[in-house]
Structure formats: C-alpha cells, structure tokens
Amino acid sequence: MRKVLLVLLAALVLSLLRSVYSARRFGDEDKAAEEFESKIVLGFAQLGAESEWRSSSSASIKEAARKYGVELMFENAQQKQENQIKAIRSFIAHRVDVIAFSPVVELGWDNVLLEAKAEGIPVILVDRHIRTDAERLYAAFIGSDFIEEGRKAGRWLLEKFRNSEGEVKIVELRGTDGSSPTKDRAEGFREMIGNDGRFLIVRSLSGDFMRSKGREVMEEVLSPAYYNPSAGMTLDVLFAHNDDMAMGAIEAMEEHGLRPGRDVVVISVDAQRSALEALRNGKINCIVECTPYIGERLMDLVRQLVAGYEIPSTIYSEETVFTEDDPVESLPVRPY
Ligand code: GYE
C-alpha cells in the first residue's frame with residue numbers, strides 16, 4: 001500500500017513539474033513572438049561621410065534607433081548613388097518595415113522607389129530632397145529648408161553691406177552638384193542679392209561639401225591668374241555652402257596672407273563646433289544653422305507610419321543664424 005502511494009505521489013509531482021515547465025515555455029514563446037511583432041525594422045541608406053555634419057547625422061540616427069528600440073539596418077554609400085540604390089534594394093529584399101535615406105543627388109530615384117512602393121514599404125526622405133514627376137514615391141520629407149538657408153545668408157550680406165557703395169565681389173563654394181542643398185542654397189542666396197547691382201558672384205565652384213576640396217578650390221581662386229589686387233582682381237566675400245568647405249578655404253586664405261573674416265567676409269552653413277570657434281575668433285562672420293540632429297524625429301515618424309497614422313508630408317527643422325554681432329557667450333558649444 002505504501003509503495004502504491006509513493007508511486008502515485010511521484011507521478012503527481014512529475015506531472016506538476018511538467019505543467020509548470022510547459023507553462024513557462026509557452027510564456028517565453030508568447031513574449032518572444034510579441035517582441036518579434038513589435039520590433040520595427042528600419043533600413044537607412046546614408047549617402048556618405050563627406051562632412052562633420054554627415055557624421056553627426058549618422059550618429060544621431062543610430063542613437064535614436066537604440067533609444068526607440070528600432071532595429072536599424074544602416075548602409076553608408078560613400079557618396080555614390082549606385083551604392084544607395086543597391087542598399088535600398090537590399091532593404092526591400094529584407095522586407096524592412098520602413099526605408100529612409102538621404103539622397104546624394106536629386107534625380108534618378110524613380111525606379112527603385114517604385115519597387116519599394118510595389119512591395120508596400122513606405123519611404124521617408126531624410127535631410128535631402130529628390131526631384132521626380134512620379135506621384136507619392138515617398139511618405140514624408142524631414143530636414144531643413146535649404147532655400148530659406150540661402151536666403152538667410154543673402155539677407156545677412158545685404159545688411160552687412162547696407163552702407164557701402166562699391167562693388168561686392170563674391171566667391172561661392174558650392175556643395176555637391178546635383179544635390180538639393182547645393183541647388184537650393186544657391187537659389188535662396190541669389191533671390192536675396194540678385195536685385196542689388198553691387199553684388200557680383202565672380203566665381204562659383206564646387207567643393208563637394210568636403211574640407212579638403214574647399215581648401216583646394218580656394219587655392220585655385222587665390223592663384224595669380226584669378227587673384228591679383230594690383231590689377232583690381234580681388235575678393236570681398238566667400239559664401240561656402242557648408243562649414244567644412246569654409247574651414248578648408250580659411251586655411252588656404254591664411255596661407256596666402258589674407259585675414260579671413262576681415263579681408264574677406266566669410267559666410268557659411270551648418271554651425272558645427274569648429275566653425276562656431278572660427279566665428280568666436282573673428283574668422284567667420286556669419287553661420288546659417290543647419291541641424292544634423294534629426295534622428296529622434298525620424299524614429300517618431302517611423303513608429304507613426306508603422307502604426308498606420310497619417311504623417312505630415314514635410315517637416316522642417318527650426319534653425320537660426322549666428323553672426324559676428326552675437327555676444328560670444330551666447331554662441332552654443334556643440335558636441336560636433
Ligand atoms: O550642410 C553638409 C553635408 O545635406 C544638409 O550635407 C546636408 C549637407 C550639410 O555634407 O555639411
């Protein structure tokens with residue numbers, strides 16, 4: 001009898017253990033399934049690492065993805081459109097939930113974006129625009145108003161020279177040709193100064209948004225063939241489409257014995273740490289801010305899209321202008 005009772009007790013204990021174990025297993029599986037379902041996958045095709053701005057923008061996106069629990073597939077296209085297109089195709093093949101990218105140039109995206117659309121994968125343009133006749137190839141644009149940035153630069157210049165009568169010779173250092181910030185900053189700038197006959201853009205050259213190229217281009221601008229004060233070949237203003245190129249050009253000017261900020265008025269765009277430092281030191285006169293910190297807003301949009309909410313089609317960052325007239329203590333100290 002005792003033996004039978006013992007066997008029964010053992011069987012009971014065993015079955016209890018089994019049911020506890022299987023309940024735990026089911027619980028884990030449920031949790032895993034839930035996590036699997038809620039983890040959003042975002043494919044981001046970054047255009048390159050041409051500037052400090054770009055590196056900060058990449059860092060902002062990676063940090064925000066971590067913070068928001070978004071699984072990020074991140075590709076760096078080394079400034080090549082074909083690499084960006086390849087990256088987007090691989091995101092489509094992986095069936096990510098959302099694709100985002102910063103288009104290196106404006107044209108040539110229709111095919112790949114139609115492919116994403118056919119697979120029902122929404123696309124967000126980050127930082128730069130595309131140009132297309134096709135409809136609804138992307139859900140939203142998030143970034144800066146580049147035309148307004150160009151206007152801000154022009155407006156400041158008009159104010160700076162409001163009391164001067166002579167000609168104002170301007171050299172423009174453009175960013176990457178074919179890209180929206182280059183086209184729009186140039187447009188906004190011309191819109192402001194175009195009706196004032198004193199302002200002459202004597203040269204407009206591309207430095208591809210890179211510090212090394214900004215320096216190279218400025219060296220060419222200052223070579224005897226183009227710069228010869230005794231023959232009246234001078235330069236009054238440098239408008240650089242970004243800080244990296246402005247910093248490179250400042251080095252070249254200093255090597256030629258010019259005092260940037262005094263002999264040549266320098267206007268730049270971005271407001272990265274090194275340029276703000278140059279503004280404090282009087283080597284830059286005006287910086288139009290363009291913020292790379294768009295990661296968190298992007299993750300917000302991604303979540304809303306996946307949850308099926310309507311999202312605004314254009315979201316511009318709020319930005320300001322820093323000038324030589326600002327009290328030095330009021331200028332921000334940037335981490336980048
Ligand atoms: O101004 C420049 C970068 O697209 C806004 O690209 C961005 C520009 C930025 O390389 O520094």
# chains A, B, ... in the order shown; residues from 1 in each chain; ligands from 1

call {"tool": "residues_around", "arguments": {"residues": "A:Glu255", "least_positions_apart": "3", "cutoff": "12 Å", "atoms": "only C-alpha atoms", "output": "NGL selection string"}}
result
:A and (215 or 218-219 or 222-223 or 248-252 or 258-260)

call {"tool": "write_last_selection", "arguments": {"atoms": "N, CA and C atoms", "output": "PDB file, in the first residue's frame"}}
result
ATOM      1  N   ARG A 215      39.507  73.640 -49.514  1.00  0.00           N
ATOM      2  CA  ARG A 215      40.847  74.213 -49.473  1.00  0.00           C
ATOM      3  C   ARG A 215      41.460  74.285 -50.877  1.00  0.00           C
ATOM      4  N   MET A 218      39.822  76.918 -53.002  1.00  0.00           N
ATOM      5  CA  MET A 218      40.212  78.273 -52.582  1.00  0.00           C
ATOM      6  C   MET A 218      41.634  78.583 -53.032  1.00  0.00           C
ATOM      7  N   GLU A 219      42.489  77.566 -53.031  1.00  0.00           N
ATOM      8  CA  GLU A 219      43.860  77.793 -53.511  1.00  0.00           C
ATOM      9  C   GLU A 219      43.834  78.221 -54.967  1.00  0.00           C
ATOM     10  N   LEU A 222      42.725  81.773 -55.334  1.00  0.00           N
ATOM     11  CA  LEU A 222      43.736  82.759 -54.932  1.00  0.00           C
ATOM     12  C   LEU A 222      45.008  82.688 -55.776  1.00  0.00           C
ATOM     13  N   SER A 223      45.010  81.861 -56.796  1.00  0.00           N
ATOM     14  CA  SER A 223      46.205  81.773 -57.648  1.00  0.00           C
ATOM     15  C   SER A 223      46.300  83.051 -58.500  1.00  0.00           C
ATOM     16  N   GLY A 248      38.268  74.693 -44.751  1.00  0.00           N
ATOM     17  CA  GLY A 248      39.362  74.429 -45.702  1.00  0.00           C
ATOM     18  C   GLY A 248      39.775  75.715 -46.405  1.00  0.00           C
ATOM     19  N   ALA A 249      38.793  76.514 -46.808  1.00  0.00           N
ATOM     20  CA  ALA A 249      39.084  77.766 -47.519  1.00  0.00           C
ATOM     21  C   ALA A 249      39.798  78.762 -46.607  1.00  0.00           C
ATOM     22  N   ILE A 250      39.425  78.753 -45.328  1.00  0.00           N
ATOM     23  CA  ILE A 250      40.080  79.655 -44.359  1.00  0.00           C
ATOM     24  C   ILE A 250      41.577  79.322 -44.265  1.00  0.00           C
ATOM     25  N   GLU A 251      41.884  78.030 -44.233  1.00  0.00           N
ATOM     26  CA  GLU A 251      43.305  77.620 -44.198  1.00  0.00           C
ATOM     27  C   GLU A 251      44.033  78.175 -45.416  1.00  0.00           C
ATOM     28  N   ALA A 252      43.423  78.019 -46.595  1.00  0.00           N
ATOM     29  CA  ALA A 252      44.061  78.493 -47.833  1.00  0.00           C
ATOM     30  C   ALA A 252      44.246  80.010 -47.802  1.00  0.00           C
ATOM     31  N   LEU A 258      46.014  86.310 -46.260  1.00  0.00           N
ATOM     32  CA  LEU A 258      44.746  87.031 -46.096  1.00  0.00           C
ATOM     33  C   LEU A 258      44.177  86.752 -44.711  1.00  0.00           C
ATOM     34  N   ARG A 259      43.419  87.713 -44.188  1.00  0.00           N
ATOM     35  CA  ARG A 259      42.779  87.516 -42.883  1.00  0.00           C
ATOM     36  C   ARG A 259      41.292  87.237 -43.096  1.00  0.00           C
ATOM     37  N   PRO A 260      40.926  85.934 -43.074  1.00  0.00           N
ATOM     38  CA  PRO A 260      39.510  85.610 -43.268  1.00  0.00           C
ATOM     39  C   PRO A 260      38.682  86.267 -42.164  1.00  0.00           C
TER      40      PRO A 260
END

call {"tool": "residues_near_ligand", "arguments": {"ligand": "ligand 1", "cutoff": "7 Å", "atoms": "only C-alpha atoms and all ligand atoms", "output": "ChimeraX atom specification"}}
result
/A:50-54,127-128,144,181,209,241-244,269-270,290

call {"tool": "residues_around", "arguments": {"residues": "A:Val96", "least_positions_apart": "3", "cutoff": "6 Å", "atoms": "only C-alpha atoms", "output": "list in words"}}
result
Val41, Leu42 and Phe91 of chain A

call {"tool": "write_last_selection", "arguments": {"atoms": "N, CA, C and O atoms", "output": "PDB file, in the first residue's frame"}}
result
ATOM      1  N   VAL A  41      11.675  47.319 -38.046  1.00  0.00           N
ATOM      2  CA  VAL A  41      12.955  47.292 -38.750  1.00  0.00           C
ATOM      3  C   VAL A  41      13.002  48.455 -39.745  1.00  0.00           C
ATOM      4  O   VAL A  41      12.134  48.597 -40.605  1.00  0.00           O
ATOM      5  N   LEU A  42      14.032  49.288 -39.578  1.00  0.00           N
ATOM      6  CA  LEU A  42      14.216  50.454 -40.445  1.00  0.00           C
ATOM      7  C   LEU A  42      15.499  50.283 -41.243  1.00  0.00           C
ATOM      8  O   LEU A  42      16.565  50.025 -40.685  1.00  0.00           O
ATOM      9  N   PHE A  91      17.261  46.469 -48.720  1.00  0.00           N
ATOM     10  CA  PHE A  91      16.231  46.663 -47.683  1.00  0.00           C
ATOM     11  C   PHE A  91      14.891  46.100 -48.160  1.00  0.00           C
ATOM     12  O   PHE A  91      14.139  45.522 -47.379  1.00  0.00           O
TER      13      PHE A  91
END

call {"tool": "closest_residue", "arguments": {"among": "A:Gln79, A:Ser206, A:Ser180, A:Asn111", "to": "A:Ala134", "atoms": "only C-alpha atoms"}}
result
A:Asn111

call {"tool": "residues_around", "arguments": {"residues": "A:Tyr293", "least_positions_apart": "2", "cutoff": "9 Å", "atoms": "only C-alpha atoms", "output": "PyMOL selection string"}}
result
chain A and resi 56-57+59-61+291+295-297
